[in-house]
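Trainee: One structure is given below, represented as structure tokens, and several questions about it will come after.
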Amino acid sequence: MTDFSDRVEQVSISGIREVFEAAGEDAINLGIGQPDFPTPEHARQAAVEAIEDGQADAYTSNKGTLDLREAISAKHDRDNDFSVPPENLIATAGGSEALHLALEAHVDLAEEVVYPDPGFVSYEALTRIAGGDPKPVALREDLTLDPAAVEEAITDETAAFIVNSPANPTGAVQSEEDMKEFARIADEHDVLCISDEVYEHIVFEGDHHSPMSYAESDNVVVVNACSKTYSMTGWRLGWVAASERRIERMLRVHQYVQACASAPAQFAAEAALSGPQDCVDEMVAAFEERRDVLLDGFADMGLDCPTPQGAFYAMPKVPEGWTDEVLDRGVVVVPGEAFGDHGEGYARISYATDMEQIEKALDVMREATNAVR
Ligand code: PLP
């Protein structure tokens, strides 16, 4: 019988797409989840040269080229308080495939996966696709994920929990203490912690920390990507970092669904990771400036918004009807409920858009706020 699988029937197309499609062509788009900067020129050139030299024509090793994995390994030594040898890495088709591998390789049918709500839309969908049972956990008032709430949600049926810092859709950054707690929970409960670190470099206050730095067991898998750090969302290049046995299981999935990450993208990523990093600093400085303008605007309007400390999203609490009023006036923002039931009453505002658009959008938000009050 050509019926659809129950797993896929339970997954719907992301609510974010629906908002984009409903918006007119001239809309100011504050719904976007990708940086509005070009990919660094040296990364583009590395791909062009690899293509012209014929180096990117063939499959690479399933895990990715050794040169790329050495560049990722060196990146972890440079930027993080943990080391990952090249053999403990798989290059993937973006952070998305990395999340898919982590869940597919570790979650059995009906096992639970705990994740933040509101949280990145893929966590629920990929859990269902892996046959798992999604267990969203409400955030603290400051929109960070409370380790105590995660620990409370863990049962004998829990296979994994997901931590995302800096976070989409909230911009929240978890403290070092929280990350130590997540590591302890992974160790003590023998549950996998999937740490989604795709925004690790986009931090304005404090530092990025990873549970990988503190776990004593091998119960942490790190998911990362070039997408946000180097404005390379279209290249589709990410990776998973984990212990040998976990990498071996994830490779079983990766080699059949993907074979290898795109070869030209691997060359571009290697150049981005090992080349000059000032492009990242410039982008982060621009995001911080825009965030501050937005926060001032929200404060003027009387909208309560926890200060986002990273990524390029803000998540103010908004009055009922506000999001529709803003959308009707031609500014795309994403209703908080697109990210989970606890997102209701919030809107996600992306500031991966230039300052002129942000200023115009703030005028519209002001009108919308007055209209619903
Ligand atoms: N994780 C988070 C938190 C994200 O926001 C995104 C993309 O928006 C991803 C993972 C997936 O990133 P990629 O484009 O590398 O697949």
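By order in the structure tokens, chains are A, B, ...; within a chain, residues start at 1; ligands start at 1, following the order shown.
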List every residue of region 186-357 of chain A that DSSP, applied to the backbone, labels as helix (DSSP H, G or I), and write the result as a VMD selection string.

Mentor: chain A and resid 186 to 189 211 to 213 233 to 235 244 to 257 263 to 274 278 to 301 322 to 328 336 to 339 341 to 343 355 to 357

Trainee: Go ahead and save the residues from that selection, with C-alpha atoms, as a JSON list (two decimals), in the first residue's frame.

Mentor:
```json
[["chain", "number", "residue", "atom", "x", "y", "z"],
["A", 186, "ALA", "CA", 24.40, 13.77, 30.57],
["A", 187, "ASP", "CA", 26.96, 11.92, 32.72],
["A", 188, "GLU", "CA", 24.74, 11.01, 35.66],
["A", 189, "HIS", "CA", 21.60, 10.03, 33.75],
["A", 211, "PRO", "CA", 28.94, 20.94, 27.69],
["A", 212, "MET", "CA", 31.63, 19.08, 25.73],
["A", 213, "SER", "CA", 34.23, 20.94, 27.84],
["A", 233, "THR", "CA", 23.96, 29.06, 4.63],
["A", 234, "GLY", "CA", 23.75, 28.21, 0.93],
["A", 235, "TRP", "CA", 26.93, 26.13, 0.93],
["A", 244, "GLU", "CA", 34.80, 7.39, 18.11],
["A", 245, "ARG", "CA", 31.91, 4.99, 18.77],
["A", 246, "ARG", "CA", 29.30, 7.69, 18.27],
["A", 247, "ILE", "CA", 30.97, 8.95, 15.08],
["A", 248, "GLU", "CA", 31.04, 5.38, 13.77],
["A", 249, "ARG", "CA", 27.25, 5.03, 14.31],
["A", 250, "MET", "CA", 26.47, 8.43, 12.81],
["A", 251, "LEU", "CA", 28.69, 7.58, 9.83],
["A", 252, "ARG", "CA", 26.47, 4.55, 9.15],
["A", 253, "VAL", "CA", 23.57, 6.96, 8.60],
["A", 254, "HIS", "CA", 25.58, 9.64, 6.80],
["A", 255, "GLN", "CA", 27.16, 7.31, 4.26],
["A", 256, "TYR", "CA", 23.77, 6.08, 3.07],
["A", 257, "VAL", "CA", 21.80, 9.34, 3.12],
["A", 263, "ALA", "CA", 33.06, 18.69, -2.24],
["A", 264, "PRO", "CA", 33.21, 22.37, -3.38],
["A", 265, "ALA", "CA", 31.63, 23.39, -0.06],
["A", 266, "GLN", "CA", 34.26, 21.41, 1.81],
["A", 267, "PHE", "CA", 37.02, 23.44, 0.14],
["A", 268, "ALA", "CA", 35.24, 26.71, 0.91],
["A", 269, "ALA", "CA", 34.69, 25.69, 4.54],
["A", 270, "GLU", "CA", 38.32, 24.70, 5.01],
["A", 271, "ALA", "CA", 39.39, 28.17, 3.80],
["A", 272, "ALA", "CA", 36.79, 29.93, 5.95],
["A", 273, "LEU", "CA", 37.80, 28.03, 9.09],
["A", 274, "SER", "CA", 41.54, 28.42, 8.65],
["A", 278, "ASP", "CA", 38.12, 39.40, 11.14],
["A", 279, "CYS", "CA", 35.08, 39.03, 8.86],
["A", 280, "VAL", "CA", 33.35, 37.27, 11.77],
["A", 281, "ASP", "CA", 34.19, 40.08, 14.20],
["A", 282, "GLU", "CA", 32.86, 42.69, 11.75],
["A", 283, "MET", "CA", 29.59, 40.81, 11.32],
["A", 284, "VAL", "CA", 29.15, 40.35, 15.07],
["A", 285, "ALA", "CA", 29.79, 44.08, 15.69],
["A", 286, "ALA", "CA", 27.10, 44.95, 13.11],
["A", 287, "PHE", "CA", 24.62, 42.55, 14.75],
["A", 288, "GLU", "CA", 25.29, 44.04, 18.16],
["A", 289, "GLU", "CA", 24.66, 47.58, 16.92],
["A", 290, "ARG", "CA", 21.36, 46.51, 15.35],
["A", 291, "ARG", "CA", 20.32, 44.61, 18.46],
["A", 292, "ASP", "CA", 20.82, 47.72, 20.56],
["A", 293, "VAL", "CA", 18.68, 49.84, 18.21],
["A", 294, "LEU", "CA", 15.93, 47.22, 18.34],
["A", 295, "LEU", "CA", 16.06, 46.95, 22.13],
["A", 296, "ASP", "CA", 15.81, 50.75, 22.47],
["A", 297, "GLY", "CA", 12.84, 50.67, 20.11],
["A", 298, "PHE", "CA", 11.09, 47.91, 22.09],
["A", 299, "ALA", "CA", 11.70, 49.80, 25.34],
["A", 300, "ASP", "CA", 10.15, 52.96, 23.79],
["A", 301, "MET", "CA", 7.08, 50.96, 22.81],
["A", 322, "TRP", "CA", 0.38, 42.46, 17.45],
["A", 323, "THR", "CA", 2.07, 40.02, 15.07],
["A", 324, "ASP", "CA", -0.87, 40.16, 12.65],
["A", 325, "GLU", "CA", -0.91, 43.97, 12.77],
["A", 326, "VAL", "CA", 2.82, 44.03, 11.98],
["A", 327, "LEU", "CA", 2.45, 41.48, 9.17],
["A", 328, "ASP", "CA", -0.52, 43.37, 7.69],
["A", 336, "GLY", "CA", 6.45, 32.78, 18.73],
["A", 337, "GLU", "CA", 4.16, 29.75, 18.52],
["A", 338, "ALA", "CA", 6.01, 28.68, 15.35],
["A", 339, "PHE", "CA", 8.76, 27.61, 17.79],
["A", 341, "ASP", "CA", 3.51, 26.15, 22.44],
["A", 342, "HIS", "CA", 5.42, 28.21, 25.00],
["A", 343, "GLY", "CA", 6.34, 30.69, 22.27],
["A", 355, "MET", "CA", 19.84, 49.25, 9.79],
["A", 356, "GLU", "CA", 17.66, 51.25, 7.37],
["A", 357, "GLN", "CA", 15.16, 48.38, 7.17]]
```

Trainee: If you take only C-alpha atoms and all ligand atoms and a cut-off of 10 Å, which residues of chain A touch ligand 1, and what are their nearest atom pairs and distances in Å to one decimal, in chain and number order, as JSON lines?

Mentor:
```
{"residue": "A:Ile32", "atom": "CA", "partner": "ligand 1", "partner_atom_place_in_ligand_line": "8 (O)", "distance": 8.8}
{"residue": "A:Gly33", "atom": "CA", "partner": "ligand 1", "partner_atom_place_in_ligand_line": "8 (O)", "distance": 5.3}
{"residue": "A:Gln34", "atom": "CA", "partner": "ligand 1", "partner_atom_place_in_ligand_line": "8 (O)", "distance": 6.9}
{"residue": "A:Thr92", "atom": "CA", "partner": "ligand 1", "partner_atom_place_in_ligand_line": "15 (O)", "distance": 8.8}
{"residue": "A:Ala93", "atom": "CA", "partner": "ligand 1", "partner_atom_place_in_ligand_line": "16 (O)", "distance": 6.8}
{"residue": "A:Gly94", "atom": "CA", "partner": "ligand 1", "partner_atom_place_in_ligand_line": "15 (O)", "distance": 3.5}
{"residue": "A:Gly95", "atom": "CA", "partner": "ligand 1", "partner_atom_place_in_ligand_line": "15 (O)", "distance": 3.6}
{"residue": "A:Ser96", "atom": "CA", "partner": "ligand 1", "partner_atom_place_in_ligand_line": "16 (O)", "distance": 3.6}
{"residue": "A:Glu97", "atom": "CA", "partner": "ligand 1", "partner_atom_place_in_ligand_line": "16 (O)", "distance": 6.5}
{"residue": "A:Ala98", "atom": "CA", "partner": "ligand 1", "partner_atom_place_in_ligand_line": "16 (O)", "distance": 7.8}
{"residue": "A:Leu99", "atom": "CA", "partner": "ligand 1", "partner_atom_place_in_ligand_line": "10 (C)", "distance": 7.3}
{"residue": "A:His100", "atom": "CA", "partner": "ligand 1", "partner_atom_place_in_ligand_line": "16 (O)", "distance": 9.9}
{"residue": "A:Gly119", "atom": "CA", "partner": "ligand 1", "partner_atom_place_in_ligand_line": "3 (C)", "distance": 7.7}
{"residue": "A:Phe120", "atom": "CA", "partner": "ligand 1", "partner_atom_place_in_ligand_line": "3 (C)", "distance": 5.2}
{"residue": "A:Val121", "atom": "CA", "partner": "ligand 1", "partner_atom_place_in_ligand_line": "5 (O)", "distance": 8.2}
{"residue": "A:Ser122", "atom": "CA", "partner": "ligand 1", "partner_atom_place_in_ligand_line": "10 (C)", "distance": 7.6}
{"residue": "A:Tyr123", "atom": "CA", "partner": "ligand 1", "partner_atom_place_in_ligand_line": "1 (N)", "distance": 8.6}
{"residue": "A:Val163", "atom": "CA", "partner": "ligand 1", "partner_atom_place_in_ligand_line": "3 (C)", "distance": 9.3}
{"residue": "A:Asn164", "atom": "CA", "partner": "ligand 1", "partner_atom_place_in_ligand_line": "3 (C)", "distance": 6.1}
{"residue": "A:Ser165", "atom": "CA", "partner": "ligand 1", "partner_atom_place_in_ligand_line": "3 (C)", "distance": 7.9}
{"residue": "A:Pro166", "atom": "CA", "partner": "ligand 1", "partner_atom_place_in_ligand_line": "3 (C)", "distance": 7.9}
{"residue": "A:Ala167", "atom": "CA", "partner": "ligand 1", "partner_atom_place_in_ligand_line": "3 (C)", "distance": 5.8}
{"residue": "A:Asn168", "atom": "CA", "partner": "ligand 1", "partner_atom_place_in_ligand_line": "3 (C)", "distance": 4.8}
{"residue": "A:Pro169", "atom": "CA", "partner": "ligand 1", "partner_atom_place_in_ligand_line": "5 (O)", "distance": 7.3}
{"residue": "A:Thr170", "atom": "CA", "partner": "ligand 1", "partner_atom_place_in_ligand_line": "3 (C)", "distance": 9.9}
{"residue": "A:Gly171", "atom": "CA", "partner": "ligand 1", "partner_atom_place_in_ligand_line": "3 (C)", "distance": 9.8}
{"residue": "A:Ser195", "atom": "CA", "partner": "ligand 1", "partner_atom_place_in_ligand_line": "1 (N)", "distance": 9.5}
{"residue": "A:Asp196", "atom": "CA", "partner": "ligand 1", "partner_atom_place_in_ligand_line": "1 (N)", "distance": 5.8}
{"residue": "A:Glu197", "atom": "CA", "partner": "ligand 1", "partner_atom_place_in_ligand_line": "1 (N)", "distance": 7.2}
{"residue": "A:Val198", "atom": "CA", "partner": "ligand 1", "partner_atom_place_in_ligand_line": "1 (N)", "distance": 5.7}
{"residue": "A:Tyr199", "atom": "CA", "partner": "ligand 1", "partner_atom_place_in_ligand_line": "3 (C)", "distance": 7.2}
{"residue": "A:Val223", "atom": "CA", "partner": "ligand 1", "partner_atom_place_in_ligand_line": "10 (C)", "distance": 7.8}
{"residue": "A:Asn224", "atom": "CA", "partner": "ligand 1", "partner_atom_place_in_ligand_line": "15 (O)", "distance": 7.3}
{"residue": "A:Ala225", "atom": "CA", "partner": "ligand 1", "partner_atom_place_in_ligand_line": "15 (O)", "distance": 5.0}
{"residue": "A:Cys226", "atom": "CA", "partner": "ligand 1", "partner_atom_place_in_ligand_line": "15 (O)", "distance": 6.6}
{"residue": "A:Ser227", "atom": "CA", "partner": "ligand 1", "partner_atom_place_in_ligand_line": "15 (O)", "distance": 4.7}
{"residue": "A:Lys228", "atom": "CA", "partner": "ligand 1", "partner_atom_place_in_ligand_line": "15 (O)", "distance": 7.1}
{"residue": "A:Thr229", "atom": "CA", "partner": "ligand 1", "partner_atom_place_in_ligand_line": "15 (O)", "distance": 9.7}
{"residue": "A:Ser231", "atom": "CA", "partner": "ligand 1", "partner_atom_place_in_ligand_line": "14 (O)", "distance": 9.6}
{"residue": "A:Met232", "atom": "CA", "partner": "ligand 1", "partner_atom_place_in_ligand_line": "14 (O)", "distance": 8.1}
{"residue": "A:Thr233", "atom": "CA", "partner": "ligand 1", "partner_atom_place_in_ligand_line": "14 (O)", "distance": 5.0}
{"residue": "A:Gly234", "atom": "CA", "partner": "ligand 1", "partner_atom_place_in_ligand_line": "14 (O)", "distance": 7.6}
{"residue": "A:Trp235", "atom": "CA", "partner": "ligand 1", "partner_atom_place_in_ligand_line": "14 (O)", "distance": 8.6}
{"residue": "A:Arg236", "atom": "CA", "partner": "ligand 1", "partner_atom_place_in_ligand_line": "15 (O)", "distance": 6.0}
{"residue": "A:Leu237", "atom": "CA", "partner": "ligand 1", "partner_atom_place_in_ligand_line": "15 (O)", "distance": 6.3}
{"residue": "A:Gly238", "atom": "CA", "partner": "ligand 1", "partner_atom_place_in_ligand_line": "15 (O)", "distance": 5.6}
{"residue": "A:Trp239", "atom": "CA", "partner": "ligand 1", "partner_atom_place_in_ligand_line": "15 (O)", "distance": 8.8}
{"residue": "A:Ala311", "atom": "CA", "partner": "ligand 1", "partner_atom_place_in_ligand_line": "5 (O)", "distance": 8.7}
{"residue": "A:Phe312", "atom": "CA", "partner": "ligand 1", "partner_atom_place_in_ligand_line": "5 (O)", "distance": 9.8}
{"residue": "A:Tyr313", "atom": "CA", "partner": "ligand 1", "partner_atom_place_in_ligand_line": "5 (O)", "distance": 9.8}
```

Trainee: For those residues, write N, CA and C atoms to a file as a compact mmCIF listing (two decimals), in the first residue's frame.

Mentor:
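To be explicit, this is the file written out as part.txt:
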```txt
# COMPACT_ATOMS: atom_id res chain seq x y z
N ILE A 32 14.10 36.43 8.73
CA ILE A 32 15.15 35.63 8.10
C ILE A 32 16.12 35.01 9.11
N GLY A 33 16.49 33.74 8.86
CA GLY A 33 17.43 33.05 9.74
C GLY A 33 18.82 32.93 9.16
N GLN A 34 19.20 33.91 8.33
CA GLN A 34 20.57 33.83 7.80
C GLN A 34 21.20 35.22 7.75
N THR A 92 29.10 17.46 7.31
CA THR A 92 27.70 17.17 6.96
C THR A 92 27.13 18.26 6.05
N ALA A 93 25.93 18.00 5.54
CA ALA A 93 25.22 19.01 4.75
C ALA A 93 24.57 20.01 5.72
N GLY A 94 25.37 20.89 6.26
CA GLY A 94 24.89 21.90 7.21
C GLY A 94 24.67 21.34 8.60
N GLY A 95 24.34 22.24 9.52
CA GLY A 95 24.00 21.82 10.88
C GLY A 95 22.76 20.94 10.87
N SER A 96 21.90 21.13 9.87
CA SER A 96 20.66 20.35 9.80
C SER A 96 20.94 18.86 9.69
N GLU A 97 21.85 18.50 8.78
CA GLU A 97 22.16 17.07 8.65
C GLU A 97 22.87 16.57 9.92
N ALA A 98 23.68 17.43 10.50
CA ALA A 98 24.38 17.04 11.73
C ALA A 98 23.37 16.68 12.83
N LEU A 99 22.32 17.50 12.97
CA LEU A 99 21.27 17.21 13.96
C LEU A 99 20.57 15.89 13.62
N HIS A 100 20.30 15.72 12.34
CA HIS A 100 19.62 14.50 11.88
C HIS A 100 20.45 13.27 12.23
N GLY A 119 11.94 26.75 20.75
CA GLY A 119 13.24 26.27 20.29
C GLY A 119 13.25 26.17 18.78
N PHE A 120 14.42 25.88 18.25
CA PHE A 120 14.59 25.77 16.79
C PHE A 120 13.61 24.71 16.26
N VAL A 121 12.94 25.05 15.15
CA VAL A 121 11.84 24.21 14.64
C VAL A 121 12.26 22.77 14.30
N SER A 122 13.51 22.57 13.95
CA SER A 122 13.92 21.23 13.52
C SER A 122 13.96 20.21 14.65
N TYR A 123 14.05 20.67 15.91
CA TYR A 123 14.21 19.70 16.99
C TYR A 123 13.01 18.75 17.07
N VAL A 163 20.58 21.06 23.70
CA VAL A 163 20.92 22.37 24.25
C VAL A 163 21.36 23.24 23.08
N ASN A 164 20.92 24.49 23.04
CA ASN A 164 21.26 25.36 21.92
C ASN A 164 21.66 26.73 22.46
N SER A 165 22.94 27.04 22.38
CA SER A 165 23.41 28.33 22.88
C SER A 165 24.53 28.84 22.00
N PRO A 166 24.45 30.12 21.55
CA PRO A 166 23.31 31.01 21.58
C PRO A 166 22.12 30.38 20.85
N ALA A 167 20.93 30.81 21.23
CA ALA A 167 19.75 30.08 20.77
C ALA A 167 18.95 30.81 19.69
N ASN A 168 18.40 30.02 18.82
CA ASN A 168 17.34 30.41 17.92
C ASN A 168 16.07 29.81 18.56
N PRO A 169 15.02 30.54 18.81
CA PRO A 169 14.67 31.89 18.36
C PRO A 169 14.92 33.00 19.37
N THR A 170 15.55 32.73 20.50
CA THR A 170 15.54 33.70 21.61
C THR A 170 16.77 34.61 21.67
N GLY A 171 17.89 34.17 21.09
CA GLY A 171 19.14 34.91 21.24
C GLY A 171 19.77 34.70 22.61
N SER A 195 24.55 19.20 21.65
CA SER A 195 24.79 20.63 21.85
C SER A 195 24.88 21.31 20.50
N ASP A 196 23.87 22.11 20.19
CA ASP A 196 23.79 22.79 18.90
C ASP A 196 24.48 24.15 19.03
N GLU A 197 25.67 24.24 18.42
CA GLU A 197 26.53 25.41 18.64
C GLU A 197 26.71 26.23 17.36
N VAL A 198 25.70 26.20 16.48
CA VAL A 198 25.89 26.87 15.18
C VAL A 198 26.04 28.39 15.30
N TYR A 199 25.59 28.97 16.43
CA TYR A 199 25.75 30.43 16.61
C TYR A 199 26.91 30.76 17.56
N VAL A 223 27.10 19.77 17.54
CA VAL A 223 26.64 20.08 16.18
C VAL A 223 27.10 21.50 15.87
N ASN A 224 27.74 21.67 14.73
CA ASN A 224 28.20 23.01 14.37
C ASN A 224 28.14 23.16 12.85
N ALA A 225 28.41 24.36 12.36
CA ALA A 225 28.31 24.60 10.91
C ALA A 225 29.02 25.90 10.55
N CYS A 226 29.32 26.03 9.28
CA CYS A 226 29.87 27.31 8.78
C CYS A 226 28.76 28.29 8.46
N SER A 227 27.51 27.81 8.45
CA SER A 227 26.38 28.58 7.91
C SER A 227 26.26 29.98 8.49
N LYS A 228 26.23 30.08 9.82
CA LYS A 228 25.96 31.38 10.44
C LYS A 228 27.26 32.14 10.65
N THR A 229 28.31 31.44 11.10
CA THR A 229 29.57 32.11 11.42
C THR A 229 30.16 32.81 10.20
N SER A 231 28.48 33.24 7.19
CA SER A 231 27.43 33.57 6.23
C SER A 231 27.50 32.62 5.03
N MET A 232 27.42 31.34 5.33
CA MET A 232 27.55 30.31 4.28
C MET A 232 26.33 29.38 4.30
N THR A 233 25.14 29.94 4.53
CA THR A 233 23.96 29.06 4.63
C THR A 233 23.71 28.28 3.34
N GLY A 234 24.02 28.89 2.20
CA GLY A 234 23.75 28.21 0.93
C GLY A 234 24.75 27.12 0.59
N TRP A 235 25.89 27.12 1.27
CA TRP A 235 26.93 26.13 0.93
C TRP A 235 26.61 24.75 1.51
N ARG A 236 25.82 24.72 2.56
CA ARG A 236 25.43 23.49 3.24
C ARG A 236 26.64 22.73 3.78
N LEU A 237 27.29 23.31 4.76
CA LEU A 237 28.45 22.63 5.33
C LEU A 237 28.45 22.77 6.85
N GLY A 238 28.30 21.65 7.51
CA GLY A 238 28.36 21.62 8.97
C GLY A 238 29.17 20.42 9.41
N TRP A 239 29.09 20.10 10.70
CA TRP A 239 29.78 18.89 11.16
C TRP A 239 29.25 18.42 12.51
N ALA A 311 23.44 35.29 18.82
CA ALA A 311 22.72 35.01 17.57
C ALA A 311 22.25 36.33 16.95
N PHE A 312 21.21 36.33 16.15
CA PHE A 312 20.72 37.61 15.59
C PHE A 312 19.19 37.67 15.66
N TYR A 313 18.69 37.24 16.83
CA TYR A 313 17.24 37.25 17.06
C TYR A 313 16.93 37.93 18.39
```

Trainee: Would you please extract all strand (DSSP E or B) residues from region 24-231 of chain A, as assigned by DSSP on the backbone, and give them as a PyMOL selection string?

Mentor: chain A and resi 28-29+89-92+112-117+133-138+158-164+192-196+203+220-225

Trainee: Fewer than 6 positions away in the same chain doesn't count, so skip those; otherwise give me all residues within 9 Å of Pro85 (chain A), counting only C-alpha atoms, as an NGL selection string.

Mentor: :A and (69-70 or 72-74 or 241)

Trainee: Go through A:Ala22, A:Ala91, A:Val191, A:Val240 and flag the residue nearest Ala160 (chain A), using only C-alpha atoms for the distances.

Mentor: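 Smallest distance to Ala160 (chain A) is found for A:Val191.
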